[in-house]
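S.K.: Handing you this structure, nothing more for now.
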Amino acid sequence: MGIYLTLALNGIVNGSLYFLMAAGLTLIFGLMRVVNFAHGGLYLWGAYLAAFTFATTGNFTLALAGGAVVAIVLGVVMERGLIAFVYHNENGQLLVTMGIMLILTELIKVPFGPSELSANTPNDLSNSWLVGQVVIVQYQLFMIAASVIVFLLLLWVLHKTRLGMIVRAGVYNPELVEACGIAIRRVFTMVFAVGAGLAGLAGAIAGPYLGAVTPTMGFDMQLNVFIIVVVGGLGSLTGSFVASMLIGILTAVVSFYFSSLAVLVNVLVMVVVLLIRPQGLFGERESPA
Amino acid sequence: MTPRTWKIGSLFLLLLLAVLVPVLFGIGGPTNLLEQVFAFALFAMSYDLLIGYTGVVSFGHAVFFGTGAYVAGIFLVHSGGSTAGLLMGIVVALGVSVLLSLLIASISLRIRTVYFAMITLAVGQTFYVLAGSQMLQPLTNADDGMTVPLPVWLMHDRTVYYVTLLVLVCCVWLLRLFVRSPVGQVLQGIRENEGRVLALGHSVYRFKAVAFVISGLMATIAGILYVIAQTFVSTGVYDVSISLDVLLMTIIGGVGTLYGGLLGALLIIGAQTEFTNLAGTFPIFGRYTILFGVLYIVIVRFMPRGIVGTVAQALKRWSGQEE
């Protein structure tokens, strides 16, 4: 029994991390119809900056903030400087964001080298307890809490505030929102910044959980998150949350029994979902563009 | 001179040069590099069929390239490098490629383009993991890769060079026939205005699937050429970076130009080799992928037709045949 609970807990922890990434991706897609293939790059930079900040200052809050801020800055520069040129050009977006991903992944190796950089858990969060047969690690609880708080906060903003109303309206008809006198471009940039910040935060949180940060972690993470947003339905926040937990738990279970085949199983899940519900579990059907 | 004469002339000149390389520069370094270029040129052109003629972007085209390389490699290894083994490998590789492309097409071509990009990326990664997994170790030698023996008649470098060149030329000719066929015309229609083609009563999905299958077949052949040229195959052939390199070759040469892939492959492989050499002295050149990333953005932003497309357009304007 203990093993199942441990796997489930690990899965939820994985899922929490996935959700922080998937939330940004899905928000950006929902509003701007842009799939950000550089999302993993923002995560990577967040992770490195946080690991570096924590190693030099010893202040974990500062490290988290640093990770999020660097991703926000990169995200805003990206959106304003590059992606703005390729709105309404779907293939252009794919190529440009993938190009940014390559740059971000390679550029991080210039100051930090191609090998891994160790990321330590802060002392305040490194307790663990034995409950029954399950080891509960404090840092994992922190990750779950962070993810749930972000989920609830996003839901609240989207559904209870004026800003959320504008964003939801923008998803359906950006032109009409603009005609109401709202600078929709500014909203675009803001949503992009929030999504980027979440990716940076996810990276900052992931470092101590993984024990080290590596240049390939962005690509690896991105792969799982794409599967998640496809399964959950692009543009749906709830879908992303459910799919994150689903894929998180599945990854934990499959890698325990057959290590390294987790990707295969995740892809199979994605295929099955696409065959049954092409728009994803929670996605809304849309007419082919 | 019309653009057509230019095109035929330059292609003929290129072919002549390619035939003469072993005579002029001898066997070894340059031919070895060019064999790689030939394989990747075919790979890039197969990709152009997809992105340039149907307008879908795949981030996992290495699935076909890698499968070609692996299946041919496995058959060659297990037959001890016999001609029969090679032929069987080719047939099986092509068969697997068709099945695979139909499978991927059936789950991903019916939905949005962005899904297609994400799904192909994920499927590509699955193959990468599978090829390196311990489970398939007896077949693929897992992470260590396989040294592939060749049939005796293919042992000589010069033969390999001319075989890869010949296959490339044949495939280019076939691709040309295909894009000029009625099917190819419909595909270009899909790229320009999908809704219109649909309204004309064509099954857009079926046409895209055909393009995807043929593109996959050509990429598989490219993979087979690669393994013959390299006599070695490892999980690297399934790497995302291969898919991304070939995508760059395609867009740098010119999307929708077909021949752009030839130029793109030459440029990118040449640059990679040059940078790798330079990295020995100046380690910063080892980070050349940064430049490739910048190229992605620059091309999309300033040169969406790529080199061949831009030059062709300039020639057209110059000879007074404005579009």
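Lettering and numbering for the structure tokens are positional, with chains as A, B, ... in the shown order, residues counted from 1 in each chain, and ligands counted from 1 in the shown order.
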Output as a ChimeraX atom specification all residues of stretch 87-227 of chain A that backbone DSSP marks as helix (DSSP H, G or I).
M.R.: /A:90-107,109-112,123-125,138-160,162-172,174-179,184-210,217-227
S.K.: Within 6 Å of chain A, which residues of chain B show up when using only C-alpha atoms, listed as a PDB file with C-alpha atoms, in the first residue's frame?
M.R.:
```pdb
ATOM      1  CA  THR B 126       9.336   8.551 -28.186  1.00  0.00           C
ATOM      2  CA  ILE B 290      22.726  30.088 -31.055  1.00  0.00           C
ATOM      3  CA  GLY B 293      18.330  29.928 -33.606  1.00  0.00           C
ATOM      4  CA  TYR B 296      15.255  30.845 -37.699  1.00  0.00           C
ATOM      5  CA  ILE B 297      13.999  34.220 -36.576  1.00  0.00           C
TER       6      ILE B 297
END
```
S.K.: Mind checking which residues fall within 10 Å of stretch 23-39 of chain B, counting only C-alpha atoms, ignoring those fewer than 2 positions away in the same chain, and posting them as a ChimeraX atom specification?
M.R.: /B:17-21,41-44,65,156-158,160-169,219-230,261-270,273
S.K.: Considering only C-alpha atoms, return as a list in words whatever protein or nucleic-acid residues lie within 6 Å of stretch 100-109 of chain B, sequence-local ones (same chain, fewer than 4 positions apart) excluded.
M.R.: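 Near neighbours after the sequence-gap exclusion: Val96, Phe116, Ala209 and Val213 of chain B.
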S.K.: Near A:Asn120, counting only C-alpha atoms, which residues have an atom at most 10 Å away, once you skip same-chain residues fewer than 4 positions from it, shown as a PyMOL selection string?
M.R.: chain A and resi 51-52+54-55+58+60+126+207-212
S.K.: Please indicate the distance in Å from atom CA of B:Val204 to atom CA of B:Ile51, rounded to one decimal place.
M.R.: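 Taking atom CA of B:Val204 and atom CA of B:Ile51, their separation equals 14.9 Å.
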S.K.: From the set A:Ala84, A:Thr251, A:Ile72, A:Pro122, which residue has the shortest atom-to-atom contact distance to A:Thr57, counting only C-alpha atoms?
M.R.: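 Of all the options, A:Pro122 lies closest to A:Thr57.
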S.K.: Residues of stretch 80-108 of chain B that have any atom at most 8 Å from an atom of stretch 144-150 of chain B: could you tabulate them with the shortest-distance atom pair and the distance in Å to one decimal, using only C-alpha atoms, ordered by chain and increasing number, as CSV?
M.R.:
```
residue,atom,partner,partner_atom,distance
B:Gly80,CA,B:Pro149,CA,6.5
B:Gly81,CA,B:Leu150,CA,4.6
B:Ser82,CA,B:Leu150,CA,7.0
```
S.K.: If you run DSSP on this backbone, which residues of stretch 32-266 of chain A come out as strand (DSSP E), and could you give them as a VMD selection string?
M.R.: chain A and resid 117 to 118 128 to 131 134 to 137 212 to 213
S.K.: Measure the distance from atom CA of B:Phe212 to atom CA of B:Asn193 in Å and round it to one decimal.
M.R.: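 Taking atom CA of B:Phe212 and atom CA of B:Asn193, their separation equals 18.3 Å.
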S.K.: Give me the residues within 9 Å of A:Gly170 as a list in words, counting only C-alpha atoms and dropping any in the same chain fewer than 6 places off.
M.R.: Gly30, Leu31, Met32, Leu176, Val177, Glu178, Ile184, Val187 and Phe188 of chain A
